[in-house]
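Report on the following structure.
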Amino acid sequence: MREVASVAELRDVLEAARREGSTIGFVPTMGYLHAGHLSLVERAASECDLVLASIFVNPLQFGIGEDLDAYPRDLAGDRESAERAGVDVLFVPSTAEMYPEPVATTVTVAGVSERFEGASRPTHFAGVATVVAKLFSLSGPCRAYFGEKDFQQVAVVRRMVSDLSIPVEVVACPTVREDDGLAMSSRNAYLDPAQRAAAPVLHRALSVGEQMIREGVTHADEVRVAMTEVVAAEPLAELDYLEVVDPVALEPVGPIRVLADRPVRLLGAVRIGATRLLDNVGTVVPAEAGR
Ligand code: AMP
């Protein structure tokens with residue numbers, strides 16, 4: 001594995017690989033790698049000749065008072081797990097390398113950025129879209145692997161890539177979970193033992209909603225209420241949102257049915273102590289639902 005800290009060196013390495021005809025798979029991360037990140041690396045390695053991963057805790061996507069300084073970091077551990085999972089080039093730029101001067105250019109994706117995470121964290125997705133646009137400009141044409149765990153982020157990135165004709169194919173990969181259903185996340189490290197024990201409540205709530213839809217419930221309100229009750233029963237969890245949405249526009253739906261061949265998605269976020277947890281699940285909508 002080759003570690004690269006500068007933009008110029010990254011461009012050189014990737015240009016040389018492309019000249020030899022190699023396809024590039026790119027996994028952007030903020031580090032503190034866990035099995036969820038590594039599943040993206042493994043998928044990229046199985047589909048591309050060269051795997052590029054980046055580790056950059058992007059200040060632009062943290063709001064004032066959020067956990068930028070506290071965000072967990074373990075570069076030595078990340079190097080080892082990245083190499084073991086199949087990363088060929090690890091890009092670890094400093095903030096000064098990525099942003100030599102304060103950025104004057106920001107990418108904003110209207111609509112899909114505005115609800116849910118965008119409502120709770122108003123500057124978050126502009127920070128994500130801006131850094132991902134920059135990373136794609138550095139990577140050049142590639143397949144880029146993102147986790148469905150951050151479902152709205154995937155929708156934002158897809159829309160940006162489409163609107164700006166960026167030559168990158170976005171690949172969304174399934175969420176990797178702990179045995180009790182909790183979606184793996186670098187931020188799970190913030191949870192104390194009692195909070196960790198409470199944390200699977202979000203996935204439990206989403207699973208209740210998913211089962212109701214599978215069994216034919218067609219009113220999104222009913223599903224929303226049932227999911228909310230699950231979270232309300234956990235004293236350590238404070239609900240942010242639980243919704244039934246169209247998986248592309250991320251608009252809440254009324255009647256549950258298959259929209260243009262895509263089943264609805266269940267999205268949720270809860271706060272446990274100071275930690276916000278996100279999760280989502282796909283659904284299988286019975287053929288007769290909503291008719
Ligand atoms: P992060 O380091 O949190 O910015 O995440 C980097 C990438 O890993 C993003 O595309 C995330 O969606 C993805 N990711 C994070 N957690 C998981 C997980 N549990 N399963 C699959 N992908 C994940």
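Naming scheme: A, B, ... for chains in displayed order of the structure tokens; residues 1 onward per chain; ligands 1 onward as shown.
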Exercise. Name the residues of region 28-142 of chain A that come out as strand (DSSP E or B) in a backbone DSSP run; write them as a count of residues only.
Key: 12
Practice problem: Using only C-alpha atoms, determine which residues lie at most 12 Å from Ala76 (chain A), disregarding the query and same-chain residues fewer than 3 positions distant; provide the list as a PyMOL selection string. | Solution: chain A and resi 3+31-33+55+73+79-83+92
Go ahead and save the residues from that selection, with all heavy atoms, as a compact mmCIF listing (two decimals), in the first residue's frame.
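And here is the file that came out, again_28.txt:
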```
# COMPACT_ATOMS: atom_id res chain seq x y z
N GLU A 3 1.12 5.26 0.67
CA GLU A 3 0.41 6.36 1.34
C GLU A 3 0.81 7.69 0.70
O GLU A 3 1.99 7.93 0.46
CB GLU A 3 0.76 6.36 2.83
CG GLU A 3 -0.11 7.32 3.61
CD GLU A 3 0.07 7.14 5.12
OE1 GLU A 3 0.20 5.98 5.58
OE2 GLU A 3 0.10 8.17 5.82
N GLY A 31 -11.97 8.04 8.25
CA GLY A 31 -11.06 7.26 9.08
C GLY A 31 -11.73 6.62 10.29
O GLY A 31 -12.94 6.54 10.38
N TYR A 32 -10.89 6.14 11.23
CA TYR A 32 -11.33 5.32 12.35
C TYR A 32 -12.10 4.12 11.78
O TYR A 32 -13.25 3.87 12.10
CB TYR A 32 -12.18 6.13 13.34
CG TYR A 32 -12.06 5.61 14.77
CD1 TYR A 32 -10.86 5.70 15.45
CD2 TYR A 32 -13.14 5.01 15.41
CE1 TYR A 32 -10.73 5.21 16.74
CE2 TYR A 32 -13.03 4.51 16.70
CZ TYR A 32 -11.81 4.62 17.35
OH TYR A 32 -11.69 4.12 18.63
N LEU A 33 -11.39 3.42 10.90
CA LEU A 33 -12.03 2.43 10.03
C LEU A 33 -12.60 1.25 10.81
O LEU A 33 -11.98 0.75 11.75
CB LEU A 33 -11.02 1.93 8.99
CG LEU A 33 -10.42 3.02 8.09
CD1 LEU A 33 -9.44 2.38 7.10
CD2 LEU A 33 -11.49 3.82 7.36
N ILE A 55 -8.64 9.24 3.76
CA ILE A 55 -8.98 9.51 5.15
C ILE A 55 -8.82 11.00 5.34
O ILE A 55 -7.71 11.54 5.24
CB ILE A 55 -8.05 8.75 6.12
CG1 ILE A 55 -8.25 7.24 5.97
CG2 ILE A 55 -8.32 9.20 7.57
CD1 ILE A 55 -7.35 6.40 6.87
N ARG A 73 -9.89 9.30 15.97
CA ARG A 73 -8.84 9.16 14.96
C ARG A 73 -7.88 8.05 15.39
O ARG A 73 -7.55 7.94 16.57
CB ARG A 73 -8.05 10.47 14.81
CG ARG A 73 -8.87 11.60 14.16
CD ARG A 73 -8.21 12.96 14.44
NE ARG A 73 -8.73 14.05 13.63
CZ ARG A 73 -9.75 14.82 13.97
NH1 ARG A 73 -10.42 14.60 15.09
NH2 ARG A 73 -10.15 15.82 13.19
N ARG A 79 -4.13 2.45 8.88
CA ARG A 79 -3.17 2.01 7.85
C ARG A 79 -3.18 0.49 7.75
O ARG A 79 -3.24 -0.07 6.67
CB ARG A 79 -1.75 2.43 8.26
CG ARG A 79 -1.44 3.85 7.93
CD ARG A 79 0.04 4.12 8.17
NE ARG A 79 0.29 5.52 8.02
CZ ARG A 79 0.61 6.35 9.01
NH1 ARG A 79 0.80 5.89 10.24
NH2 ARG A 79 0.79 7.64 8.77
N GLU A 80 -3.12 -0.15 8.93
CA GLU A 80 -3.07 -1.61 8.95
C GLU A 80 -4.32 -2.23 8.36
O GLU A 80 -4.26 -3.11 7.51
CB GLU A 80 -2.94 -2.10 10.40
CG GLU A 80 -1.54 -2.37 10.81
CD GLU A 80 -1.48 -2.88 12.24
OE1 GLU A 80 -2.29 -3.76 12.59
OE2 GLU A 80 -0.63 -2.36 13.00
N SER A 81 -5.51 -1.73 8.82
CA SER A 81 -6.73 -2.39 8.33
C SER A 81 -6.98 -2.07 6.87
O SER A 81 -7.50 -2.90 6.13
CB SER A 81 -7.96 -2.11 9.19
OG SER A 81 -7.88 -0.91 9.86
N ALA A 82 -6.59 -0.86 6.43
CA ALA A 82 -6.79 -0.52 5.02
C ALA A 82 -5.96 -1.45 4.14
O ALA A 82 -6.45 -2.00 3.15
CB ALA A 82 -6.39 0.94 4.78
N GLU A 83 -4.70 -1.64 4.53
CA GLU A 83 -3.82 -2.49 3.72
C GLU A 83 -4.34 -3.93 3.67
O GLU A 83 -4.41 -4.55 2.61
CB GLU A 83 -2.39 -2.45 4.27
CG GLU A 83 -1.45 -3.32 3.46
CD GLU A 83 -0.01 -2.84 3.52
OE1 GLU A 83 0.37 -2.24 4.56
OE2 GLU A 83 0.73 -3.08 2.55
N VAL A 92 -4.08 10.56 2.49
CA VAL A 92 -4.30 11.12 3.83
C VAL A 92 -3.81 12.57 3.82
O VAL A 92 -2.71 12.88 4.29
CB VAL A 92 -3.54 10.32 4.91
CG1 VAL A 92 -3.99 10.75 6.31
CG2 VAL A 92 -3.75 8.83 4.75
```
Practice problem: All residues within 7 Å of ligand 1 are required, counting only C-alpha atoms and all ligand atoms; please report them as an NGL selection string. | Solution: :A and (27-31 or 33 or 36-37 or 39-40 or 145-150 or 173-177 or 183-186)
Can you write out the residues you just picked, keeping C-alpha atoms, as a tab-separated table (two decimals), in the first residue's frame?
```
chain	number	residue	atom	x	y	z
A	27	VAL	CA	-13.60	4.76	-1.02
A	28	PRO	CA	-13.75	8.19	0.67
A	29	THR	CA	-13.79	8.05	4.49
A	30	MET	CA	-13.13	10.09	7.61
A	31	GLY	CA	-11.06	7.26	9.08
A	33	LEU	CA	-12.03	2.43	10.03
A	36	GLY	CA	-18.44	-1.08	7.40
A	37	HIS	CA	-15.67	0.92	5.74
A	39	SER	CA	-16.69	-3.82	3.25
A	40	LEU	CA	-16.55	-0.90	0.78
A	145	TYR	CA	-18.16	3.28	-3.11
A	146	PHE	CA	-20.46	4.68	-0.43
A	147	GLY	CA	-22.40	3.03	2.42
A	148	GLU	CA	-26.19	2.90	2.45
A	149	LYS	CA	-25.82	3.54	6.17
A	150	ASP	CA	-25.67	7.23	5.18
A	173	CYS	CA	-23.19	-0.81	-0.53
A	174	PRO	CA	-25.25	-2.47	2.23
A	175	THR	CA	-24.97	-1.37	5.87
A	176	VAL	CA	-22.72	-3.52	8.05
A	177	ARG	CA	-24.15	-4.07	11.54
A	183	ALA	CA	-25.22	0.01	12.36
A	184	MET	CA	-21.45	0.27	12.64
A	185	SER	CA	-20.25	3.85	12.90
A	186	SER	CA	-17.08	5.58	14.03
```
Which of region 71-146 of chain A fall in helix (DSSP H, G or I), as an mmCIF file with C-alpha atoms, in the first residue's frame:
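Wrote it out as states21.cif, contents follow:
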```cif
data_model
loop_
_atom_site.group_PDB
_atom_site.id
_atom_site.type_symbol
_atom_site.label_atom_id
_atom_site.label_comp_id
_atom_site.auth_asym_id
_atom_site.auth_seq_id
_atom_site.Cartn_x
_atom_site.Cartn_y
_atom_site.Cartn_z
ATOM 1 C CA LEU A 75 -4.203 6.588 11.681
ATOM 2 C CA ALA A 76 -1.834 3.771 12.653
ATOM 3 C CA GLY A 77 -4.712 1.296 13.057
ATOM 4 C CA ASP A 78 -6.360 2.586 9.866
ATOM 5 C CA ARG A 79 -3.167 2.008 7.852
ATOM 6 C CA GLU A 80 -3.066 -1.615 8.949
ATOM 7 C CA SER A 81 -6.729 -2.390 8.329
ATOM 8 C CA ALA A 82 -6.787 -0.515 5.022
ATOM 9 C CA GLU A 83 -3.824 -2.489 3.718
ATOM 10 C CA ARG A 84 -5.258 -5.783 4.926
ATOM 11 C CA ALA A 85 -8.623 -5.076 3.249
ATOM 12 C CA THR A 95 -6.476 20.203 6.107
ATOM 13 C CA ALA A 96 -3.949 22.696 4.691
ATOM 14 C CA GLU A 97 -3.383 20.426 1.685
ATOM 15 C CA MET A 98 -7.108 20.139 0.981
ATOM 16 C CA GLU A 117 -29.952 15.265 8.289
ATOM 17 C CA GLY A 118 -30.060 18.571 6.410
ATOM 18 C CA ALA A 119 -32.744 19.910 8.746
ATOM 19 C CA SER A 120 -30.808 18.871 11.867
ATOM 20 C CA HIS A 124 -23.614 19.462 6.665
ATOM 21 C CA PHE A 125 -24.451 18.385 3.117
ATOM 22 C CA ALA A 126 -22.908 21.450 1.477
ATOM 23 C CA GLY A 127 -19.702 20.442 3.298
ATOM 24 C CA VAL A 128 -20.060 16.836 2.124
ATOM 25 C CA ALA A 129 -20.896 17.775 -1.487
ATOM 26 C CA THR A 130 -18.015 20.246 -1.641
ATOM 27 C CA VAL A 131 -15.389 17.800 -0.351
ATOM 28 C CA VAL A 132 -16.713 14.918 -2.458
ATOM 29 C CA ALA A 133 -16.689 17.137 -5.577
ATOM 30 C CA LYS A 134 -13.095 18.026 -4.773
ATOM 31 C CA LEU A 135 -12.116 14.412 -4.107
ATOM 32 C CA PHE A 136 -13.742 13.339 -7.404
ATOM 33 C CA SER A 137 -11.844 16.095 -9.179
ATOM 34 C CA LEU A 138 -8.645 14.629 -7.713
ATOM 35 C CA SER A 139 -9.534 10.981 -8.328
#
```
Quiz item: Hey, what's within 9 Å of Val264 (chain A) if we count only C-alpha atoms and toss same-chain stuff fewer than 2 positions away? As a ChimeraX atom specification, please?
Solution: /A:244-247,253,256-259,262,266,282-285
Exercise. For region 13-21 of chain A, work out the shell of residues within 9 Å, counting only C-alpha atoms and skipping chain neighbours fewer than 4 positions away, then give it as an MDAnalysis selection string.
Key: chainID A and resid 4 8:9 49:50 52 89 138:140
Exercise. Could you check which of A:Leu206, A:Val217, A:Ala233, A:Val7 is closest to Tyr99 (chain A), using only C-alpha atoms?
Key: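 Looking only at the distances to Tyr99 (chain A), the closest residue turns out to be A:Val7.
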